[in-house]
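Note sheet for the following structure.
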2 protein chains.
Amino acid sequence: MRLDDTPSLYQQIAGKLAQLIHAGTLARGERLPSVRDLARQYGVAVSTVVQAYHWLEDAGLIAARPRSGFFVALRPVELPEPTFSRLQRKPREVSADWLGRRVLGRERPEGLLSFSSGTPGLDMLNPDRVRRALVRAVQRNRNLLCAYPDIRGEAEARRAIARYAVGMGCSLEADRILITGGCMDAIALCLRVVTQPGDVVAIESPTHFSFLELLQSLHLRALEIPMHPRHGLSLDALQLALDTQPVKAVLLVPTLSNPLGACMPQPERRRLVQMAAQHDIAVIEDAIYNDLVTLDDMRRTVKSYDTTGHVMLCHSFSKTLAPGLRLGWLEGGRWSDRLCAIKDTQSGGQSAVLELALADLITQAGQAAAMRQLRAQASARLEQARRIVDEHFPRGTRVSAPPGGLLLWMELPRGLDTVELHERCLAERMLIAPGTVFSSSGRFRNCLRLGMGNDWTPAHEVALQRMGGIATAMVRPKV
Amino acid sequence: MRLDDTPSLYQQIAGKLAQLIHAGTLARGERLPSVRDLARQYGVAVSTVVQAYHWLEDAGLIAARPRSGFFVALRPVELPEPTFSRLQRKPREVSADWLGRRVLGRERPEGLLSFSSGTPGLDMLNPDRVRRALVRAVQRNRNLLCAYPDIRGEAEARRAIARYAVGMGCSLEADRILITGGCMDAIALCLRVVTQPGDVVAIESPTHFSFLELLQSLHLRALEIPMHPRHGLSLDALQLALDTQPVKAVLLVPTLSNPLGACMPQPERRRLVQMAAQHDIAVIEDAIYNDLVTLDDMRRTVKSYDTTGHVMLCHSFSKTLAPGLRLGWLEGGRWSDRLCAIKDTQSGGQSAVLELALADLITQAGQAAAMRQLRAQASARLEQARRIVDEHFPRGTRVSAPPGGLLLWMELPRGLDTVELHERCLAERMLIAPGTVFSSSGRFRNCLRLGMGNDWTPAHEVALQRMGGIATAMVRPKV
């Protein structure tokens with residue numbers, strides 16, 4: 001059994017077929033090549049293709065018909081994609097009256113139906129498995145709770161993480177890994193080390209609102225770089241920014257960006273690394289969604305191309321395994337020692353028993369299978385949400401088609417104010433994230449992010465339909 | 001059984017007698033008042049005095065002689081106390097070439113006998129009790145590891161902490177407590193909220209080197225305020241500083257300051273609170289050693305006098321219960337909401353199962369007794385170390401007589417360079433902390449801190465005697 005999560009042959013084949021289905025190249029109802037034909041075509045064993053087909057079947061993408069073979073099960077929802085965002089000319093501080101702060105910070109009634117989370121709920125995770133791992137770690141290490149831990153994290157846990165990172169294309173030394181209190185904790189550490197207050201950080205646009213809050217709290221200025229809806233950060237725009245602005249770091253989510261769900265193509269990842277080395281800036285890579293992407297080749301990190309130590313890789317298992325362990329990790333490249341020193345000074349190490357539980361979990365034989373199942377479940381739920389959007393939201397709505405994860409980005413018809421939609425939804429006890437919270441410069445006023453995380457219920461489906469009705473009613477009749 | 005740790009009657013009586021013994025008022029070999037006499041004198045039950053005497057006996061301060069009563073067991077080591085430190089005129093940045101950084105940051109050989117820790121080792125803590133509490137917490141809360149926690153900490157844990165804080169004289173609302181990743185994490189959060197880079201923070205002199213590292217990493221300037229060896233921070237000097245310098249916050253350890261072991265008298269705590277309110281500055285109170293002090297009335301915090309919300313109380317159980325839980329907490333007064341927001345943004349919550357284990361531990365019936373035993377053990381070890389210092393260190397050595405904890409502060413004869421002593425000790429595989437690491441302005445060159453934490457062995461006793469020999473050899477013969 002493989003310990004790391006390198007895509008095996010059947011996963012690679014399944015990934016390619018999934019791409020063809022999502023792209024509409026293989027249309028709904030179309031018959032897939034026979035198992036034997038495909039095996040010949042790829043030069044693999046028949047059993048490998050069978051495995052791939054079963055994976056696609058689990059994901060709800062294809063269905064078997066007795067004695068006829070496999071057929072594409074889903075009509076791909078053919079909603080148009082969101083548009084390319086514009087370049088921001090000047091960096092700006094995330095201002096205190098940033099609209100996002102008001103939207104995110106307000107008190108909310110109890111019992112909301114939330115569409116605000118991209119984290120799998122209990123129905124998609126395995127609490128028993130996590131619990132058993134922690135109890136084992138506690139019982140096997142009698143004295144660990146009564147001593148200060150290694151500031152970098154338990155060596156055994158760092159070795160397990162280094163092995164895991166092979167599946168992200170990385171060859172990391174365990175001694176240079178630093179375990180943190182989650183992925184955001186890791187990113188905050190990186191920013192503290194490579195910037196001073198007032199410095200400029202290039203970010204994706206739209207970007208995760210937590211990044212904007214983080215930049216604000218560290219007194220950093222944000223420079224929003226346009227995003228291609230499918231391929232992510234525009235490197236041409238970034239190049240222009242690096243040539244004209246004193247950028248100190250680029251903070252991005254190359255795989256399944258939040259909120260867009262874009263994935264940067266591998267050749268561009270390589271180019272990004274070269275740009276960082278040339279301009280001597282840090283790339284802070286948030287790889288938290290890498291385990292959720294259904295395109296296996298998108299699991300390879302920007303970090304994997306790094307030869308000069310300019311890439312700081314941040315990751316955690318909070319979105320796939322156990323949000324409540326509160327553990328993340330980073331490999332900080334050339335800033336490795338300073339990261340460790342600043343963590344030592346400002347917060348200290350994490351609890352060693354939690355780290356050992358994590359090490360146990362990610363090296364278990366069942367881990368790769370658990371991830372595959374999680375990806376299939378998430379994909380099915382995403383597709384379900386896209387279907388409801390297609391049927392119930394106003395004409396002209398554009399929506400992202402991310403290859404995995406639990407987030408959708410929607411662009412509603414121009415003029416439809418999603419802050420107002422957010423208010424109207426709140427009044428009916430539904431919570432969404434309006435587009436303005438994903439920009440510090442007032443963009444995306446007609447956009448919103450839908451999160452299908454937490455526990456998804458039939459009530460959520462109904463609520464989403466209702467939300468579409470509210471939005472449709474808001475579209476002004478043409479004058 | 002009492003849930004909090006308010007000193008009971010017998011503890012108060014034992015504390016008073018301990019003070020008299022340490023001060024030499026009750027001399028070695030002297031007979032203590034009879035149980036009946038003392039009960040009459042204090043107006044308490046005979047059984048209460050018996051309990052007090054047994055406590056002192058456990059602490060090694062008195063001994064029973066059959067049919068004769070109780071006698072003072074220890075000759076108090078009559079070493080002179082350290083001198084009063086001087087006022088620093090101007091705040092200064094903790095510079096990059098701060099001597100402490102070089103001393104603390106260097107690589108050390110394996111297998112050192114360390115005198116650098118003030119944290120009790122496994123021989124003084126109870127790993128089994130902690131382990132059982134964590135396993136219970138994990139088993140009882142099936143899903144907690146698979147959900148993001150409450151950013152403030154589990155409500156049950158915050159309630160337990162609020163009850164515990166009654167023993168520190170505090171009446172805190174559980175809803176305003178914020179659980180952190182240790183005490184230093186709490187202090188760093190407080191500093192981030194009340195200061196900007198470049199601001200001035202008043203600190204004790206000598207102060208804990210970790211505070212200097214923290215100020216440096218947050219780009220803050222330190223203003224060193226003189227310390228009375230027994231009563232701590234000089235409020236007159238602080239007043240002068242507040243009148244002449246733009247101080248934003250005072251960071252101090254009012255009970256068992258590190259490294260001096262000083263305790264600020266209660267009337268001065270009240271005055272400090274008034275000064276903070278008047279100048280509208282924050283007092284960041286590190287109460288991590290409050291559970292270790294043998295003088296029960298010194299367990300009352302500065303925070304307990306706070307009516308305006310200017311005091312930020314930071315505490316953890318890392319020095320008394322379980323360093324490896326990596327939990328601390330704070331009550332941030334008027335900055336409560338901002339502290340919570342910044343923690344949410346920059347790091348996220350702690351692991352809920354650890355918090356519930358902590359709640360279980362500090363509300364267990366045995367907790368108060370465990371603390372008493374820990375204090376008695378620590379006191380005995382301190383006294384043992386003072387005795388060796390008395391017998392083996394050069395004439396003219398001054399040493400602190402802290403009422404509890406595991407740290408001693410020594411002032412060696414003027415001209416004796418403890419950085420050199422530190423080097424010579426390292427060469428013989430002993431680790432001490434030279435005085436210069438406790439100041440950012442090159443002070444305390446002839447001082448050192450001895451920590452009797454971690455696991456204390458007979459080898460440590462021998463090493464300490466040897467250290468005295470090395471120091472004695474370094475004293476230059478008078479010309």
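Following the order of the structure tokens, chains are lettered A, B, ..., residues in each are numbered from 1, and ligands are numbered from 1.
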
Just need the residues of chain B within 6 Å of chain A, counting only C-alpha atoms, so spit them out as a short mmCIF file (atom, residue, chain, number, x, y, z; two decimals) with N, CA and C atoms, in the first residue's frame.
data_model
loop_
_atom_site.label_atom_id
_atom_site.label_comp_id
_atom_site.auth_asym_id
_atom_site.auth_seq_id
_atom_site.Cartn_x
_atom_site.Cartn_y
_atom_site.Cartn_z
N PRO B 127 2.11 13.13 34.88
CA PRO B 127 1.73 12.84 33.49
C PRO B 127 0.53 11.90 33.36
N VAL B 135 -7.59 11.63 27.43
CA VAL B 135 -8.30 10.49 26.83
C VAL B 135 -9.80 10.61 27.11
N ASN B 143 -17.05 14.19 18.10
CA ASN B 143 -16.88 14.89 16.82
C ASN B 143 -16.00 16.13 16.90
N LEU B 145 -12.93 16.73 17.12
CA LEU B 145 -11.69 16.84 16.34
C LEU B 145 -11.97 17.13 14.87
N CYS B 146 -13.21 17.00 14.48
CA CYS B 146 -13.55 17.20 13.06
C CYS B 146 -14.39 18.44 12.81
N ALA B 147 -14.29 19.41 13.70
CA ALA B 147 -14.97 20.68 13.46
C ALA B 147 -14.05 21.81 13.94
N TYR B 148 -14.18 22.95 13.31
CA TYR B 148 -13.41 24.10 13.79
C TYR B 148 -13.92 24.49 15.16
N MET B 184 2.97 32.82 26.45
CA MET B 184 3.72 33.73 25.60
C MET B 184 2.88 34.12 24.38
N ASP B 185 2.12 33.19 23.88
CA ASP B 185 1.19 33.47 22.78
C ASP B 185 0.19 34.55 23.22
N ALA B 188 2.05 37.92 23.43
CA ALA B 188 2.31 38.44 22.08
C ALA B 188 1.04 39.04 21.48
N LEU B 214 10.72 38.89 22.22
CA LEU B 214 9.38 39.21 21.72
C LEU B 214 9.30 40.67 21.29
N ALA B 322 0.93 20.93 32.87
CA ALA B 322 1.18 20.19 31.64
C ALA B 322 1.72 21.12 30.55
N PRO B 323 3.05 21.29 30.52
CA PRO B 323 3.64 22.16 29.49
C PRO B 323 3.23 21.72 28.07
N GLY B 324 3.01 20.40 27.90
CA GLY B 324 2.75 19.87 26.57
C GLY B 324 1.33 20.04 26.08
N LEU B 325 0.42 20.54 26.94
CA LEU B 325 -0.92 20.85 26.44
C LEU B 325 -0.88 22.07 25.54
N ARG B 326 0.13 22.92 25.75
CA ARG B 326 0.29 24.15 24.95
C ARG B 326 -0.97 25.00 24.99
N THR B 345 -7.95 36.10 13.09
CA THR B 345 -7.33 36.42 11.80
C THR B 345 -5.94 35.81 11.65
N GLN B 346 -5.14 35.87 12.70
CA GLN B 346 -3.73 35.52 12.55
C GLN B 346 -3.40 34.09 12.90
N SER B 347 -4.22 33.41 13.70
CA SER B 347 -3.85 32.03 14.00
C SER B 347 -5.02 31.07 14.14
N SER B 351 -7.09 23.63 19.92
CA SER B 351 -7.81 22.37 19.80
C SER B 351 -8.73 22.18 21.01
#

Run DSSP on the backbone and give me the residues of range 142-258 of chain A it puts in strand (DSSP E or B), as a PyMOL selection string. chain A and resi 177-180+200-205+221-228+232-233+247-252+255

May I have the selected residues written with N, CA and C atoms, as a PDB file, in the first residue's frame?
ATOM      1  N   ILE A 177      10.878  21.393   7.954  1.00  0.00           N
ATOM      2  CA  ILE A 177       9.432  21.577   8.068  1.00  0.00           C
ATOM      3  C   ILE A 177       9.120  22.150   9.443  1.00  0.00           C
ATOM      4  N   LEU A 178       8.158  23.048   9.490  1.00  0.00           N
ATOM      5  CA  LEU A 178       7.741  23.659  10.751  1.00  0.00           C
ATOM      6  C   LEU A 178       6.244  23.419  10.908  1.00  0.00           C
ATOM      7  N   ILE A 179       5.878  22.749  11.981  1.00  0.00           N
ATOM      8  CA  ILE A 179       4.453  22.481  12.214  1.00  0.00           C
ATOM      9  C   ILE A 179       3.843  23.690  12.935  1.00  0.00           C
ATOM     10  N   THR A 180       2.660  24.080  12.491  1.00  0.00           N
ATOM     11  CA  THR A 180       2.027  25.295  13.001  1.00  0.00           C
ATOM     12  C   THR A 180       0.617  25.001  13.509  1.00  0.00           C
ATOM     13  N   VAL A 200       4.161  45.933   0.392  1.00  0.00           N
ATOM     14  CA  VAL A 200       3.152  45.550  -0.589  1.00  0.00           C
ATOM     15  C   VAL A 200       3.169  44.036  -0.808  1.00  0.00           C
ATOM     16  N   VAL A 201       2.006  43.437  -0.751  1.00  0.00           N
ATOM     17  CA  VAL A 201       1.861  42.008  -1.037  1.00  0.00           C
ATOM     18  C   VAL A 201       0.895  41.845  -2.214  1.00  0.00           C
ATOM     19  N   ALA A 202       1.338  41.126  -3.245  1.00  0.00           N
ATOM     20  CA  ALA A 202       0.467  40.849  -4.384  1.00  0.00           C
ATOM     21  C   ALA A 202      -0.456  39.688  -4.032  1.00  0.00           C
ATOM     22  N   ILE A 203      -1.743  39.876  -4.312  1.00  0.00           N
ATOM     23  CA  ILE A 203      -2.714  38.826  -3.992  1.00  0.00           C
ATOM     24  C   ILE A 203      -3.625  38.577  -5.191  1.00  0.00           C
ATOM     25  N   GLU A 204      -4.313  37.462  -5.136  1.00  0.00           N
ATOM     26  CA  GLU A 204      -5.277  37.135  -6.179  1.00  0.00           C
ATOM     27  C   GLU A 204      -6.494  38.054  -6.053  1.00  0.00           C
ATOM     28  N   SER A 205      -7.179  38.261  -7.174  1.00  0.00           N
ATOM     29  CA  SER A 205      -8.389  39.071  -7.140  1.00  0.00           C
ATOM     30  C   SER A 205      -9.455  38.380  -7.989  1.00  0.00           C
ATOM     31  N   ARG A 221       0.008  46.389   2.649  1.00  0.00           N
ATOM     32  CA  ARG A 221      -0.815  46.883   1.556  1.00  0.00           C
ATOM     33  C   ARG A 221      -1.035  45.773   0.535  1.00  0.00           C
ATOM     34  N   ALA A 222      -2.238  45.714  -0.003  1.00  0.00           N
ATOM     35  CA  ALA A 222      -2.599  44.658  -0.955  1.00  0.00           C
ATOM     36  C   ALA A 222      -2.547  45.186  -2.376  1.00  0.00           C
ATOM     37  N   LEU A 223      -1.985  44.407  -3.278  1.00  0.00           N
ATOM     38  CA  LEU A 223      -2.044  44.729  -4.702  1.00  0.00           C
ATOM     39  C   LEU A 223      -2.779  43.580  -5.374  1.00  0.00           C
ATOM     40  N   GLU A 224      -3.964  43.883  -5.890  1.00  0.00           N
ATOM     41  CA  GLU A 224      -4.815  42.823  -6.426  1.00  0.00           C
ATOM     42  C   GLU A 224      -4.452  42.523  -7.873  1.00  0.00           C
ATOM     43  N   ILE A 225      -4.121  41.273  -8.143  1.00  0.00           N
ATOM     44  CA  ILE A 225      -3.704  40.827  -9.475  1.00  0.00           C
ATOM     45  C   ILE A 225      -4.880  40.086 -10.123  1.00  0.00           C
ATOM     46  N   PRO A 226      -5.162  40.370 -11.381  1.00  0.00           N
ATOM     47  CA  PRO A 226      -6.304  39.712 -12.032  1.00  0.00           C
ATOM     48  C   PRO A 226      -6.151  38.200 -12.080  1.00  0.00           C
ATOM     49  N   MET A 227      -7.304  37.547 -12.113  1.00  0.00           N
ATOM     50  CA  MET A 227      -7.345  36.086 -12.165  1.00  0.00           C
ATOM     51  C   MET A 227      -8.081  35.638 -13.413  1.00  0.00           C
ATOM     52  N   HIS A 228      -7.527  34.660 -14.081  1.00  0.00           N
ATOM     53  CA  HIS A 228      -8.286  33.960 -15.118  1.00  0.00           C
ATOM     54  C   HIS A 228      -9.205  32.988 -14.382  1.00  0.00           C
ATOM     55  N   GLY A 232      -6.244  30.907 -13.025  1.00  0.00           N
ATOM     56  CA  GLY A 232      -5.739  31.629 -11.868  1.00  0.00           C
ATOM     57  C   GLY A 232      -4.939  32.866 -12.190  1.00  0.00           C
ATOM     58  N   LEU A 233      -4.044  33.180 -11.296  1.00  0.00           N
ATOM     59  CA  LEU A 233      -3.288  34.432 -11.332  1.00  0.00           C
ATOM     60  C   LEU A 233      -2.673  34.705 -12.702  1.00  0.00           C
ATOM     61  N   VAL A 247       6.800  45.198  -4.674  1.00  0.00           N
ATOM     62  CA  VAL A 247       6.148  44.006  -4.121  1.00  0.00           C
ATOM     63  C   VAL A 247       7.167  43.175  -3.330  1.00  0.00           C
ATOM     64  N   LYS A 248       6.798  42.757  -2.108  1.00  0.00           N
ATOM     65  CA  LYS A 248       7.687  41.941  -1.281  1.00  0.00           C
ATOM     66  C   LYS A 248       7.349  40.460  -1.341  1.00  0.00           C
ATOM     67  N   ALA A 249       6.085  40.180  -1.585  1.00  0.00           N
ATOM     68  CA  ALA A 249       5.657  38.779  -1.582  1.00  0.00           C
ATOM     69  C   ALA A 249       4.400  38.625  -2.422  1.00  0.00           C
ATOM     70  N   VAL A 250       4.219  37.411  -2.937  1.00  0.00           N
ATOM     71  CA  VAL A 250       2.979  37.048  -3.623  1.00  0.00           C
ATOM     72  C   VAL A 250       2.312  35.972  -2.781  1.00  0.00           C
ATOM     73  N   LEU A 251       1.069  36.214  -2.422  1.00  0.00           N
ATOM     74  CA  LEU A 251       0.324  35.235  -1.633  1.00  0.00           C
ATOM     75  C   LEU A 251      -0.764  34.655  -2.527  1.00  0.00           C
ATOM     76  N   LEU A 252      -0.707  33.363  -2.772  1.00  0.00           N
ATOM     77  CA  LEU A 252      -1.706  32.786  -3.688  1.00  0.00           C
ATOM     78  C   LEU A 252      -2.056  31.345  -3.340  1.00  0.00           C
ATOM     79  N   THR A 255      -3.806  25.998  -6.438  1.00  0.00           N
ATOM     80  CA  THR A 255      -4.740  24.910  -6.739  1.00  0.00           C
ATOM     81  C   THR A 255      -6.053  25.153  -6.016  1.00  0.00           C
TER      82      THR A 255
END

CA of Ala27 in chain A to CA of Ala376 in chain A: how many Å, to one decimal?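 Distance between the two atoms: 19.3 Å.
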
Please run DSSP on the backbone and report, as a ChimeraX atom specification, all residues within range 196-440 of chain B that come out as alpha helix (DSSP H). /B:209-217,235-244,266-279,336-346,352-363,367-392,418-427

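Considering only C-alpha atoms, the residue among A:Arg429, A:Arg338, A:His315, A:Arg445 positioned nearest to Gly415 in chain A is A:Arg445.
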
Work out how far CA of Ser117 in chain A is from CA of Gln384 in chain A, in Å to one decimal.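 Atom-to-atom, CA of Gln384 in chain A to CA of Ser117 in chain A, that is 16.3 Å.
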
Could you give me, as a PyMOL selection string, the residues within 8 Å of range 283-295 of chain A, counting only C-alpha atoms and dropping anything in the same chain fewer than 3 positions from it? chain A and resi 15-16+18-19+168+183+187+190+249-257+273+276+298-303+310-320+371+374-376+379+403-405

Just how far from CA of Tyr10 in chain B is CA of Leu38 in chain B, in Å to one decimal?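 So the answer is 11.5 Å.
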
I'd like to know which of B:Gly169, B:Pro229, B:Pro265, B:Pro259 is closest to His208 in chain B, using only C-alpha atoms.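 The shortest atom-to-atom distance to His208 in chain B comes from B:Pro259.
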
Please provide as an MDAnalysis selection string all residues within 10 Å of Arg40 in chain A, with the sequence filter that same-chain residues fewer than 6 positions apart are discarded (counting only C-alpha atoms). chainID A and resid 34 46 49

Range 363-368 of chain A surroundings by only C-alpha atoms, 12 Å radius, close-in-sequence under 5 positions cut, as a VMD selection string: chain A and resid 1 to 8 11 125 to 126 129 to 130 133 156 to 165 167 291 to 292 317 320 to 321 356 to 358 373 to 375

Nearest to Ser171 in chain A among A:Asp455, A:Ala241, A:Ser304, A:Leu416, with distances taken over only C-alpha atoms: which residue is it?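 Ranked by minimum distance to Ser171 in chain A, first place goes to A:Ser304.
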